[in-house]
$ cat entry29.cif   # mmCIF, C-alpha atoms and all ligand atoms
data_my_file
loop_
_atom_site.label_atom_id
_atom_site.label_comp_id
_atom_site.auth_asym_id
_atom_site.auth_seq_id
_atom_site.Cartn_x
_atom_site.Cartn_y
_atom_site.Cartn_z
CA MET A 1 71.98 -63.66 -122.78
CA ALA A 2 75.74 -64.22 -122.82
CA ILE A 3 77.75 -61.62 -124.70
CA THR A 4 79.66 -63.19 -127.59
CA GLU A 5 81.63 -61.69 -130.45
CA LYS A 6 78.72 -62.52 -132.73
CA ASN A 7 76.12 -60.47 -130.89
CA LYS A 8 78.50 -57.77 -129.66
CA HIS A 9 77.02 -54.50 -130.89
CA ASN A 10 78.94 -51.86 -132.77
CA THR A 11 78.54 -48.80 -130.58
CA ASP A 12 80.64 -46.29 -132.53
CA ASN A 13 78.07 -44.24 -134.39
CA GLU A 14 74.78 -44.49 -132.52
CA LYS A 15 73.57 -41.19 -131.07
CA GLY A 16 70.73 -40.82 -128.64
CA LEU A 17 68.77 -37.85 -127.36
CA VAL A 18 68.90 -37.69 -123.56
CA PHE A 19 66.99 -35.17 -121.45
CA HIS A 20 68.18 -36.04 -117.97
CA ILE A 21 70.66 -38.18 -116.05
CA ILE A 22 70.28 -38.95 -112.34
CA HIS A 23 73.24 -40.29 -110.40
CA GLY A 24 72.71 -42.23 -107.18
CA SER A 25 69.05 -43.16 -107.64
CA PHE A 26 67.51 -45.62 -105.17
CA VAL A 27 64.10 -45.74 -106.82
CA ASP A 28 64.66 -47.11 -110.33
CA GLY A 29 65.36 -50.78 -109.64
CA TYR A 30 67.68 -52.54 -107.18
CA GLY A 31 70.71 -50.98 -105.47
CA ILE A 32 72.27 -47.64 -106.36
CA ARG A 33 71.62 -46.73 -109.98
CA THR A 34 72.35 -44.16 -112.64
CA THR A 35 69.15 -43.40 -114.52
CA VAL A 36 69.29 -42.11 -118.08
CA PHE A 37 66.14 -40.52 -119.47
CA LEU A 38 65.69 -40.70 -123.26
CA LYS A 39 63.41 -38.44 -125.27
CA GLY A 40 60.46 -39.70 -127.27
CA CYS A 41 57.32 -41.56 -126.17
CA PRO A 42 54.31 -43.01 -128.04
CA LEU A 43 52.00 -42.31 -125.08
CA ARG A 44 50.55 -39.05 -123.83
CA CYS A 45 49.47 -39.83 -120.28
CA ALA A 46 47.25 -37.17 -118.75
CA TRP A 47 49.33 -37.22 -115.52
CA CYS A 48 52.79 -37.29 -117.20
CA CYS A 49 55.40 -35.68 -114.94
CA ASN A 50 58.10 -35.69 -117.64
CA PRO A 51 56.47 -33.79 -120.52
CA GLU A 52 59.93 -32.92 -121.82
CA GLY A 53 60.39 -36.63 -122.51
CA GLN A 54 57.46 -36.90 -124.91
CA ALA A 55 58.76 -35.32 -128.14
CA SER A 56 61.62 -37.03 -129.94
CA TYR A 57 63.51 -33.83 -130.78
CA PRO A 58 65.26 -31.13 -128.70
CA GLU A 59 62.71 -28.59 -127.45
CA LEU A 60 63.14 -24.99 -126.35
CA LYS A 61 63.00 -24.62 -122.57
CA TYR A 62 62.23 -21.13 -121.27
CA THR A 63 62.62 -20.43 -117.54
CA ILE A 64 60.90 -17.09 -117.05
CA LYS A 65 62.30 -16.38 -113.58
CA ASP A 66 65.86 -16.34 -115.00
CA CYS A 67 65.07 -13.89 -117.83
CA ASN A 68 66.38 -10.33 -117.39
CA ASN A 69 64.48 -9.06 -120.43
CA CYS A 70 67.67 -8.02 -122.27
CA GLY A 71 65.97 -8.61 -125.62
CA ARG A 72 68.89 -10.31 -127.39
CA CYS A 73 66.76 -13.32 -128.26
CA ILE A 74 64.17 -11.13 -129.99
CA ASP A 75 66.77 -9.80 -132.41
CA VAL A 76 68.07 -13.19 -133.52
CA CYS A 77 64.84 -15.19 -133.84
CA PRO A 78 64.32 -15.92 -137.57
CA LYS A 79 60.66 -16.75 -137.00
CA ASN A 80 59.74 -13.59 -135.06
CA ALA A 81 58.46 -15.92 -132.37
CA ILE A 82 59.69 -13.84 -129.40
CA LYS A 83 58.01 -10.69 -128.11
CA VAL A 84 57.97 -8.74 -124.86
CA ASN A 85 54.96 -9.29 -122.66
CA PRO A 86 54.39 -5.76 -121.29
CA LEU A 87 52.43 -7.04 -118.29
CA LEU A 88 55.13 -9.43 -117.11
CA GLU A 89 58.02 -7.33 -118.44
CA LYS A 90 59.55 -10.55 -119.70
CA VAL A 91 59.78 -12.05 -123.16
CA GLN A 92 57.28 -14.66 -124.25
CA ILE A 93 57.54 -17.24 -126.99
CA ASP A 94 54.91 -18.01 -129.57
CA ARG A 95 55.30 -21.79 -129.78
CA LYS A 96 53.24 -21.96 -132.96
CA LEU A 97 55.93 -19.93 -134.75
CA CYS A 98 59.00 -21.38 -132.98
CA ASP A 99 60.70 -24.26 -134.82
CA ASN A 100 63.22 -25.03 -132.03
CA CYS A 101 66.14 -23.78 -134.17
CA GLY A 102 68.07 -22.75 -131.05
CA ALA A 103 69.37 -19.37 -132.36
CA CYS A 104 68.01 -17.63 -129.25
CA ILE A 105 69.76 -20.08 -126.91
CA GLY A 106 73.13 -19.00 -128.25
CA VAL A 107 72.62 -15.37 -127.16
CA CYS A 108 70.89 -15.95 -123.82
CA TYR A 109 73.61 -15.45 -121.22
CA THR A 110 71.32 -15.92 -118.21
CA GLY A 111 70.52 -19.53 -119.14
CA SER A 112 66.84 -18.67 -119.30
CA LEU A 113 66.70 -20.29 -122.75
CA GLN A 114 68.10 -23.79 -123.11
CA TYR A 115 67.24 -27.08 -124.76
CA PHE A 116 65.49 -30.02 -123.25
CA GLY A 117 67.59 -32.75 -124.86
CA THR A 118 71.30 -33.37 -125.52
CA TYR A 119 72.72 -35.82 -128.05
CA TYR A 120 75.28 -38.35 -126.86
CA THR A 121 77.01 -41.18 -128.65
CA VAL A 122 76.82 -44.54 -126.91
CA ASP A 123 80.46 -44.24 -125.91
CA GLU A 124 80.01 -40.71 -124.52
CA LEU A 125 77.05 -41.80 -122.42
CA PHE A 126 78.86 -44.92 -121.30
CA ASP A 127 81.82 -42.80 -120.10
CA ILE A 128 79.37 -40.81 -117.93
CA ILE A 129 77.66 -43.79 -116.31
CA LYS A 130 80.94 -45.71 -115.85
CA LYS A 131 82.06 -43.13 -113.27
CA ASP A 132 79.43 -44.58 -110.88
CA GLU A 133 80.56 -48.16 -111.40
CA GLN A 134 81.89 -48.67 -107.87
CA TYR A 135 78.43 -47.80 -106.47
CA TYR A 136 76.81 -50.43 -108.71
CA ARG A 137 79.30 -53.06 -107.56
CA SER A 138 78.96 -52.28 -103.85
CA SER A 139 75.14 -52.06 -103.84
CA GLY A 140 73.97 -54.53 -106.49
CA GLY A 141 72.80 -51.62 -108.62
CA GLY A 142 73.41 -50.61 -112.21
CA VAL A 143 72.04 -48.46 -114.97
CA THR A 144 68.35 -47.78 -115.58
CA ILE A 145 67.27 -46.60 -119.01
CA GLY A 146 64.00 -44.69 -118.87
CA GLY A 147 62.35 -41.76 -120.54
CA GLY A 148 60.13 -40.92 -122.29
CA GLU A 149 60.07 -44.47 -123.58
CA PRO A 150 63.53 -45.99 -124.13
CA THR A 151 62.38 -48.29 -126.94
CA PHE A 152 61.41 -45.18 -128.93
CA GLN A 153 65.13 -44.83 -129.83
CA PRO A 154 65.63 -48.55 -130.41
CA ASP A 155 69.06 -48.64 -132.06
CA PHE A 156 70.65 -46.32 -129.54
CA THR A 157 69.03 -47.94 -126.52
CA TYR A 158 69.99 -51.43 -127.67
CA ALA A 159 73.58 -50.42 -128.38
CA PHE A 160 73.91 -48.60 -125.04
CA MET A 161 72.38 -51.51 -123.15
CA LYS A 162 74.75 -53.97 -124.82
CA LYS A 163 77.76 -51.76 -124.05
CA CYS A 164 76.79 -51.78 -120.36
CA GLN A 165 76.16 -55.51 -120.32
CA GLU A 166 79.43 -56.26 -122.12
CA ASN A 167 81.07 -54.44 -119.22
CA TYR A 168 79.09 -56.47 -116.66
CA ILE A 169 76.85 -53.57 -115.65
CA HIS A 170 73.28 -54.53 -114.79
CA VAL A 171 70.66 -52.80 -116.98
CA ALA A 172 67.07 -52.10 -116.03
CA VAL A 173 64.71 -50.74 -118.67
CA ASP A 174 61.82 -48.58 -117.47
CA THR A 175 59.18 -49.07 -120.16
CA CYS A 176 55.56 -48.37 -120.95
CA GLY A 177 55.61 -51.70 -122.80
CA TYR A 178 54.39 -50.24 -126.10
CA ALA A 179 56.96 -52.05 -128.25
CA THR A 180 55.57 -52.70 -131.72
CA THR A 181 58.66 -53.84 -133.68
CA GLU A 182 61.25 -56.59 -133.27
CA GLU A 183 63.96 -53.97 -132.70
CA GLN A 184 61.97 -52.53 -129.82
CA PHE A 185 60.94 -55.85 -128.31
CA ARG A 186 64.49 -57.25 -128.22
CA ILE A 187 65.42 -54.42 -125.82
CA LEU A 188 62.78 -55.66 -123.38
CA ALA A 189 63.71 -59.28 -124.00
CA GLU A 190 67.42 -58.73 -123.29
CA ALA A 191 67.28 -56.25 -120.38
CA ASN A 192 68.37 -57.63 -117.00
CA LEU A 193 65.32 -56.14 -115.28
CA LEU A 194 62.11 -54.56 -116.53
CA LEU A 195 60.35 -51.74 -114.73
CA TYR A 196 57.07 -52.21 -116.56
CA ASP A 197 54.39 -49.53 -116.31
CA LEU A 198 50.81 -50.68 -116.00
CA LYS A 199 48.33 -47.84 -116.26
CA SER A 200 45.02 -49.58 -116.81
CA LEU A 201 43.59 -52.98 -117.70
CA ASP A 202 40.53 -51.35 -119.21
CA PRO A 203 41.24 -50.73 -122.94
CA ASN A 204 38.84 -47.78 -123.19
CA ALA A 205 40.21 -46.02 -120.11
CA HIS A 206 43.76 -46.70 -121.32
CA THR A 207 43.09 -45.16 -124.73
CA LYS A 208 41.32 -42.18 -123.19
CA ASN A 209 44.05 -41.43 -120.63
CA THR A 210 47.21 -42.29 -122.57
CA GLY A 211 46.26 -41.95 -126.24
CA VAL A 212 46.94 -45.60 -127.14
CA SER A 213 45.26 -48.96 -126.55
CA ASN A 214 46.74 -51.31 -123.94
CA GLU A 215 46.46 -54.36 -126.23
CA ILE A 216 50.15 -54.44 -127.29
CA ILE A 217 51.32 -53.52 -123.78
CA LEU A 218 49.46 -56.42 -122.15
CA SER A 219 50.41 -58.87 -124.86
CA ASN A 220 54.12 -57.93 -124.51
CA LEU A 221 53.85 -58.25 -120.73
CA LYS A 222 52.41 -61.75 -120.99
CA MET A 223 55.13 -62.72 -123.46
CA LEU A 224 57.95 -61.36 -121.26
CA ASN A 225 56.43 -63.05 -118.23
CA GLY A 226 56.38 -66.32 -120.20
CA MET A 227 60.09 -65.81 -120.98
CA GLY A 228 60.83 -65.61 -117.26
CA LYS A 229 62.08 -62.02 -117.30
CA SER A 230 62.61 -60.23 -113.99
CA ILE A 231 59.73 -57.77 -113.81
CA ILE A 232 58.79 -54.98 -111.43
CA ILE A 233 55.38 -53.57 -112.29
CA ARG A 234 54.97 -49.83 -111.74
CA ILE A 235 51.48 -48.47 -111.29
CA PRO A 236 50.87 -44.74 -111.19
CA VAL A 237 48.11 -44.23 -108.62
CA ILE A 238 45.96 -41.55 -110.24
CA PRO A 239 42.53 -41.25 -108.60
CA ARG A 240 39.67 -42.20 -110.93
CA LEU A 241 42.04 -42.73 -113.90
CA THR A 242 44.24 -45.73 -113.05
CA VAL A 243 43.37 -47.19 -109.65
CA THR A 244 39.83 -47.05 -108.28
CA ASN A 245 37.98 -48.84 -105.49
CA GLU A 246 36.22 -50.84 -108.21
CA ASN A 247 39.29 -52.11 -110.10
CA MET A 248 41.87 -52.75 -107.32
CA GLU A 249 40.93 -56.41 -106.92
CA ILE A 250 40.85 -56.97 -110.69
CA ILE A 251 44.38 -55.57 -111.07
CA ALA A 252 45.62 -57.56 -108.05
CA ALA A 253 44.18 -60.80 -109.46
CA PHE A 254 45.79 -60.12 -112.86
CA LEU A 255 49.20 -59.40 -111.31
CA SER A 256 49.08 -62.40 -109.00
CA ARG A 257 49.03 -64.64 -112.10
CA LEU A 258 52.35 -63.24 -113.42
CA LYS A 259 54.99 -65.78 -112.38
CA SER A 260 57.95 -63.52 -113.25
CA LEU A 261 56.74 -60.64 -111.13
CA GLU A 262 59.19 -59.68 -108.39
CA ARG A 263 57.52 -56.58 -106.97
CA VAL A 264 54.82 -54.00 -107.57
CA ASP A 265 55.70 -50.34 -107.08
CA LEU A 266 52.83 -47.94 -106.43
CA LEU A 267 53.70 -44.44 -107.61
CA ALA A 268 51.44 -41.89 -105.94
CA TYR A 269 50.12 -39.00 -108.05
CA HIS A 270 52.07 -35.74 -107.73
CA THR A 271 52.36 -32.46 -109.57
CA TYR A 272 56.15 -31.94 -109.52
CA GLY A 273 56.20 -31.80 -113.32
CA THR A 274 54.07 -28.65 -113.53
CA ILE A 275 57.09 -26.33 -113.84
CA LYS A 276 58.28 -28.28 -116.89
CA TYR A 277 54.95 -27.76 -118.64
CA GLU A 278 55.45 -24.02 -118.05
CA GLN A 279 58.99 -24.18 -119.44
CA LEU A 280 57.57 -25.80 -122.60
CA GLY A 281 54.79 -23.22 -122.90
CA ARG A 282 52.16 -25.86 -122.12
CA LYS A 283 49.48 -26.16 -119.46
CA TYR A 284 49.22 -29.02 -116.96
CA LYS A 285 45.54 -29.87 -117.05
CA LEU A 286 45.08 -32.61 -114.47
CA SER A 287 44.08 -31.78 -110.92
CA THR A 288 42.63 -33.86 -108.13
CA GLN A 289 41.44 -33.24 -104.59
CA ALA A 290 41.43 -36.93 -103.68
CA ASN A 291 43.37 -38.28 -100.72
CA ILE A 292 46.23 -39.92 -102.60
CA GLN A 293 47.92 -41.41 -99.57
CA GLU A 294 44.74 -43.15 -98.44
CA LEU A 295 44.11 -44.55 -101.93
CA THR A 296 47.70 -45.75 -102.30
CA GLU A 297 47.75 -47.46 -98.90
CA LYS A 298 44.42 -49.12 -99.54
CA THR A 299 45.71 -50.41 -102.88
CA LYS A 300 48.80 -51.77 -101.14
CA ARG A 301 46.71 -53.64 -98.55
CA ILE A 302 44.53 -55.23 -101.23
CA PHE A 303 47.49 -56.19 -103.43
CA GLU A 304 49.22 -57.78 -100.43
CA ARG A 305 46.13 -59.87 -99.76
CA TYR A 306 46.80 -61.41 -103.18
CA GLY A 307 50.35 -62.32 -102.11
CA LEU A 308 52.04 -59.50 -104.02
CA ASN A 309 55.27 -57.87 -102.84
CA VAL A 310 54.33 -54.18 -102.84
CA GLN A 311 56.47 -51.09 -102.38
CA LEU A 312 55.28 -47.51 -102.08
CA GLY A 313 57.28 -45.34 -104.46
CA GLY A 314 59.55 -46.51 -107.27
S1 LIG B 1 68.13 -13.50 -124.19
FE1 LIG B 1 67.50 -14.69 -122.35
S2 LIG B 1 67.59 -13.22 -120.67
FE2 LIG B 1 67.57 -12.02 -122.59
S3 LIG B 1 65.40 -11.57 -122.95
FE3 LIG B 1 65.87 -13.45 -124.06
S4 LIG B 1 65.32 -15.06 -122.60
FE4 LIG B 1 65.47 -13.20 -121.41
S1 LIG B 2 64.28 -21.61 -130.98
FE1 LIG B 2 64.55 -20.46 -132.90
S2 LIG B 2 62.45 -20.13 -133.64
FE2 LIG B 2 62.29 -20.74 -131.49
S3 LIG B 2 62.17 -18.83 -130.36
FE3 LIG B 2 64.34 -19.46 -130.41
S4 LIG B 2 65.21 -18.45 -132.21
FE4 LIG B 2 62.99 -18.34 -132.40
#
$ encode --input "entry29.cif" --output "structure tokens"
Amino acid sequence: MAITEKNKHNTDNEKGLVFHIIHGSFVDGYGIRTTVFLKGCPLRCAWCCNPEGQASYPELKYTIKDCNNCGRCIDVCPKNAIKVNPLLEKVQIDRKLCDNCGACIGVCYTGSLQYFGTYYTVDELFDIIKKDEQYYRSSGGGVTIGGGEPTFQPDFTYAFMKKCQENYIHVAVDTCGYATTEEQFRILAEANLLLYDLKSLDPNAHTKNTGVSNEIILSNLKMLNGMGKSIIIRIPVIPRLTVTNENMEIIAAFLSRLKSLERVDLLAYHTYGTIKYEQLGRKYKLSTQANIQELTEKTKRIFERYGLNVQLGG
């Protein structure tokens, strides 16, 4: 959509909660990109590697290896949520008592206690991504807004996207597709490129593994495809949960009917997010002994038989 004075968005006051920014990414769309990760997501995927992106508020991050057990945090916690674990000789946090007030962060000089999540205004975030502009121009890249789920902060995401587009910066939105309001859907409708996650075509499996039905996700995908949007489908390859020997052909047939589809990215299962579960005081419950590489390559071969352009990795 062309940017006109009428649809130019007022970016002054919007604030968004960001938990990570990656400069120089090659895996979040075309060219060299800056990827901004926003907090908040309506899904709870069993394999999620960004658990710090799920909640829509800043969360206490505790990195035990950096703690020197000085005890300052214990003294300031108004909820008495911090105690010393005599076995580990490190403090531990009772997450049921903690309300993420941040008092302990202010006295932790080792950086062991921090927040997952920093608030930025649209203009502050734009100033950060603008520094990489020459890389976007030389490589055909741009900004990718991911998360979490970027439509979960619809006003901020829309305003930030418009600010980039007004400055001729290409915007990809990495989405789970669970957009239930007009404000959320217009982000998908007006992005330059969609990185659209597809976890399962089976509604029961989708609900079981992500916490929500795939009905809205598939209906939005069909609508965006009908609008001619540029779409890259991203499929997490999680043995037995997303891709199986039984459903590969069904998924391939479904995707081959999407006229707007430019590529399919197969994202192999990994456990790199485990440390972040520990930092949040949570447990990562999923484990698999399956041969991921074999499953991913087999999926690629079958998808290619259906004429799909497939890439391993994002
Ligand atoms: S203030 Fe930081 S370094 Fe000191 S005990 Fe608490 S977490 Fe550990
Ligand atoms: S964030 Fe607040 S409530 Fe939670 S452990 Fe730190 S001081 Fe206590």
$ residues_around --input "entry29.cif" --residues "stretch 241-257 of chain A" --least-positions-apart "5" --cutoff "6 Å" --atoms "all atoms listed in the file" --output "list in words"
Lys199, Ser200 and Phe303 of chain A
$ axis_aligned_box --input "entry29.cif" --around "ligand LIG 2 (chain B)" --padding-each-side "6 Å" --output "lines of an AutoDock Vina configuration file"
center_x = 63.7
center_y = -20.0
center_z = -132.0
size_x = 15.0
size_y = 15.3
size_z = 15.3
$ closest_residue --input "entry29.cif" --among "A:Ile129, A:Cys108, A:Ala46, A:Leu87" --to "ligand LIG 2 (chain B)" --atoms "all atoms listed in the file"
A:Cys108
$ residues_near_ligand --input "entry29.cif" --ligand "ligand LIG 2 (chain B)" --cutoff "6 Å" --atoms "only C-alpha atoms and all ligand atoms" --output "list in words"
Leu60, Cys77, Pro78, Lys79, Ala81, Ile82, Ile93, Cys98, Asp99, Asn100, Cys101, Gly102, Ala103 and Cys104 of chain A
$ atom_distance --input "entry29.cif" --atom1 "atom CA of A:His170" --atom2 "atom CA of A:Glu304"
28.2 Å
$ closest_atom_pairs --input "entry29.cif" --of "chain A" --to "ligand LIG 1 (chain B)" --cutoff "8 Å" --atoms "all atoms listed in the file" --output "tab-separated table"
residue	atom	partner	partner_atom	distance
A:Tyr62	CA	B:LIG1	S4	6.9
A:Thr63	CA	B:LIG1	S4	7.9
A:Ile64	CA	B:LIG1	S4	7.4
A:Asp66	CA	B:LIG1	S2	6.7
A:Cys67	CA	B:LIG1	FE4	3.7
A:Asn68	CA	B:LIG1	S2	4.5
A:Asn69	CA	B:LIG1	S3	3.7
A:Cys70	CA	B:LIG1	FE2	4.0
A:Gly71	CA	B:LIG1	S3	4.0
A:Arg72	CA	B:LIG1	S1	4.6
A:Cys73	CA	B:LIG1	FE3	4.3
A:Ile74	CA	B:LIG1	FE3	6.6
A:Lys90	CA	B:LIG1	FE4	6.7
A:Val91	CA	B:LIG1	S3	5.6
A:Cys104	CA	B:LIG1	S1	6.5
A:Ile105	CA	B:LIG1	S1	7.3
A:Val107	CA	B:LIG1	S1	5.7
A:Cys108	CA	B:LIG1	S1	3.7
A:Tyr109	CA	B:LIG1	FE1	6.3
A:Thr110	CA	B:LIG1	S2	5.2
A:Gly111	CA	B:LIG1	FE1	6.5
A:Ser112	CA	B:LIG1	FE1	5.1
A:Leu113	CA	B:LIG1	S4	5.4
$ closest_atom_pairs --input "entry29.cif" --of "stretch 96-208 of chain A" --to "stretch 16-35 of chain A" --cutoff "6 Å" --atoms "only C-alpha atoms" --output "CSV"
residue,atom,partner,partner_atom,distance
A:Phe116,CA,A:Phe19,CA,5.7
A:Gly117,CA,A:Phe19,CA,4.2
A:Thr118,CA,A:Val18,CA,5.3
A:Tyr119,CA,A:Leu17,CA,4.5
A:Tyr120,CA,A:Gly16,CA,5.5
A:Tyr136,CA,A:Ile32,CA,5.8
A:Ser139,CA,A:Gly31,CA,4.8
A:Gly140,CA,A:Gly31,CA,4.9
A:Gly141,CA,A:Gly31,CA,3.8
A:Gly142,CA,A:Arg33,CA,4.8
A:Val143,CA,A:Thr34,CA,4.9
A:Thr144,CA,A:Thr35,CA,4.6
A:Ile145,CA,A:Thr35,CA,5.8
A:Phe156,CA,A:Gly16,CA,5.6
$ write_last_selection --input "entry29.cif" --atoms "C-alpha atoms" --output "PDB file, in the frame of the given file"
ATOM      1  CA  PHE A 116      65.490 -30.020-123.250  1.00  0.00           C
ATOM      2  CA  GLY A 117      67.590 -32.750-124.860  1.00  0.00           C
ATOM      3  CA  THR A 118      71.300 -33.370-125.520  1.00  0.00           C
ATOM      4  CA  TYR A 119      72.720 -35.820-128.050  1.00  0.00           C
ATOM      5  CA  TYR A 120      75.280 -38.350-126.860  1.00  0.00           C
ATOM      6  CA  TYR A 136      76.810 -50.430-108.710  1.00  0.00           C
ATOM      7  CA  SER A 139      75.140 -52.060-103.840  1.00  0.00           C
ATOM      8  CA  GLY A 140      73.970 -54.530-106.490  1.00  0.00           C
ATOM      9  CA  GLY A 141      72.800 -51.620-108.620  1.00  0.00           C
ATOM     10  CA  GLY A 142      73.410 -50.610-112.210  1.00  0.00           C
ATOM     11  CA  VAL A 143      72.040 -48.460-114.970  1.00  0.00           C
ATOM     12  CA  THR A 144      68.350 -47.780-115.580  1.00  0.00           C
ATOM     13  CA  ILE A 145      67.270 -46.600-119.010  1.00  0.00           C
ATOM     14  CA  PHE A 156      70.650 -46.320-129.540  1.00  0.00           C
TER      15      PHE A 156
END
$ residues_near_point --input "entry29.cif" --point "(62.5, -57.9, -125.1)" --cutoff "9 Å" --atoms "only C-alpha atoms" --output "CSV table (one decimal) with C-alpha atoms, in the frame of the given file"
chain,number,residue,atom,x,y,z
A,179,ALA,CA,57.0,-52.0,-128.2
A,182,GLU,CA,61.2,-56.6,-133.3
A,183,GLU,CA,64.0,-54.0,-132.7
A,184,GLN,CA,62.0,-52.5,-129.8
A,185,PHE,CA,60.9,-55.8,-128.3
A,186,ARG,CA,64.5,-57.2,-128.2
A,187,ILE,CA,65.4,-54.4,-125.8
A,188,LEU,CA,62.8,-55.7,-123.4
A,189,ALA,CA,63.7,-59.3,-124.0
A,190,GLU,CA,67.4,-58.7,-123.3
A,191,ALA,CA,67.3,-56.2,-120.4
A,220,ASN,CA,54.1,-57.9,-124.5
A,223,MET,CA,55.1,-62.7,-123.5
A,224,LEU,CA,58.0,-61.4,-121.3
A,229,LYS,CA,62.1,-62.0,-117.3
$ closest_residue --input "entry29.cif" --among "A:Phe160, A:Phe37, A:Tyr269, A:Tyr168" --to "A:Phe126" --atoms "all atoms listed in the file"
A:Phe160
$ residues_around --input "entry29.cif" --residues "A:Asp155" --least-positions-apart "3" --cutoff "8 Å" --atoms "all atoms listed in the file" --output "list in words"
Glu14, Tyr158, Ala159 and Glu183 of chain A
$ closest_residue --input "entry29.cif" --among "A:Leu258, A:Ile275, A:Ile235, A:Ala172" --to "A:Gln311" --atoms "all atoms listed in the file"
A:Ile235
$ closest_residue --input "entry29.cif" --among "A:Thr296, A:Asn80, A:Thr288, A:Ser219" --to "A:Lys96" --atoms "all atoms listed in the file"
A:Asn80
$ closest_residue --input "entry29.cif" --among "A:Leu193, A:Gly148, A:Glu278, A:Trp47" --to "A:Arg263" --atoms "only C-alpha atoms"
A:Leu193
$ atom_distance --input "entry29.cif" --atom1 "atom CA of A:Pro236" --atom2 "atom CA of A:Cys48"
9.8 Å
$ closest_residue --input "entry29.cif" --among "A:Gly313, A:Pro42, A:Pro239, A:Gly226" --to "A:Thr175" --atoms "all atoms listed in the file"
A:Pro42
$ closest_atom_pairs --input "entry29.cif" --of "stretch 147-215 of chain A" --to "stretch 52-57 of chain A" --cutoff "9 Å" --atoms "all atoms listed in the file" --output "CSV"
residue,atom,partner,partner_atom,distance
A:Gly147,CA,A:Gly53,CA,5.8
A:Gly148,CA,A:Gly53,CA,4.3
A:Glu149,CA,A:Gly53,CA,7.9
A:Phe152,CA,A:Ser56,CA,8.2
A:Gln153,CA,A:Ser56,CA,8.6
$ write_last_selection --input "entry29.cif" --atoms "C-alpha atoms" --output "short mmCIF file (atom, residue, chain, number, x, y, z; two decimals), keeping the file's coordinate frame"
data_model
loop_
_atom_site.label_atom_id
_atom_site.label_comp_id
_atom_site.auth_asym_id
_atom_site.auth_seq_id
_atom_site.Cartn_x
_atom_site.Cartn_y
_atom_site.Cartn_z
CA GLY A 147 62.35 -41.76 -120.54
CA GLY A 148 60.13 -40.92 -122.29
CA GLU A 149 60.07 -44.47 -123.58
CA PHE A 152 61.41 -45.18 -128.93
CA GLN A 153 65.13 -44.83 -129.83
#
$ residues_around --input "entry29.cif" --residues "A:Leu198" --least-positions-apart "6" --cutoff "9 Å" --atoms "all atoms listed in the file" --output "JSON list (two decimals) with C-alpha atoms, keeping the file's coordinate frame"
[["chain", "number", "residue", "atom", "x", "y", "z"],
["A", 176, "CYS", "CA", 55.56, -48.37, -120.95],
["A", 177, "GLY", "CA", 55.61, -51.70, -122.80],
["A", 214, "ASN", "CA", 46.74, -51.31, -123.94],
["A", 217, "ILE", "CA", 51.32, -53.52, -123.78],
["A", 218, "LEU", "CA", 49.46, -56.42, -122.15],
["A", 233, "ILE", "CA", 55.38, -53.57, -112.29],
["A", 234, "ARG", "CA", 54.97, -49.83, -111.74],
["A", 235, "ILE", "CA", 51.48, -48.47, -111.29],
["A", 236, "PRO", "CA", 50.87, -44.74, -111.19],
["A", 242, "THR", "CA", 44.24, -45.73, -113.05]]
$ atom_distance --input "entry29.cif" --atom1 "atom CA of A:Glu59" --atom2 "atom CA of A:Ser213"
26.8 Å
$ decode --input "entry29.cif" --residues "stretch 224-233 of chain A" --atoms "N, CA and C atoms" --output "compact mmCIF listing (two decimals), in the first residue's frame"
# COMPACT_ATOMS: atom_id res chain seq x y z
N LEU A 224 -5.03 -14.23 3.17
CA LEU A 224 -3.81 -13.50 2.77
C LEU A 224 -3.29 -14.03 1.44
N ASN A 225 -3.42 -15.33 1.24
CA ASN A 225 -3.04 -15.92 -0.04
C ASN A 225 -3.93 -15.36 -1.17
N GLY A 226 -5.22 -15.25 -0.88
CA GLY A 226 -6.16 -14.69 -1.85
C GLY A 226 -5.85 -13.23 -2.17
N MET A 227 -5.24 -12.51 -1.21
CA MET A 227 -4.88 -11.10 -1.43
C MET A 227 -3.57 -10.97 -2.19
N GLY A 228 -2.92 -12.10 -2.45
CA GLY A 228 -1.67 -12.06 -3.22
C GLY A 228 -0.46 -11.64 -2.41
N LYS A 229 -0.52 -11.79 -1.09
CA LYS A 229 0.63 -11.41 -0.25
C LYS A 229 1.82 -12.32 -0.52
N SER A 230 3.02 -11.77 -0.37
CA SER A 230 4.24 -12.60 -0.45
C SER A 230 4.32 -13.41 0.84
N ILE A 231 4.38 -14.73 0.69
CA ILE A 231 4.35 -15.58 1.89
C ILE A 231 5.47 -16.61 1.85
N ILE A 232 6.21 -16.69 2.95
CA ILE A 232 7.11 -17.82 3.19
C ILE A 232 6.50 -18.60 4.36
N ILE A 233 6.22 -19.85 4.12
CA ILE A 233 5.69 -20.69 5.21
C ILE A 233 6.86 -21.26 6.00
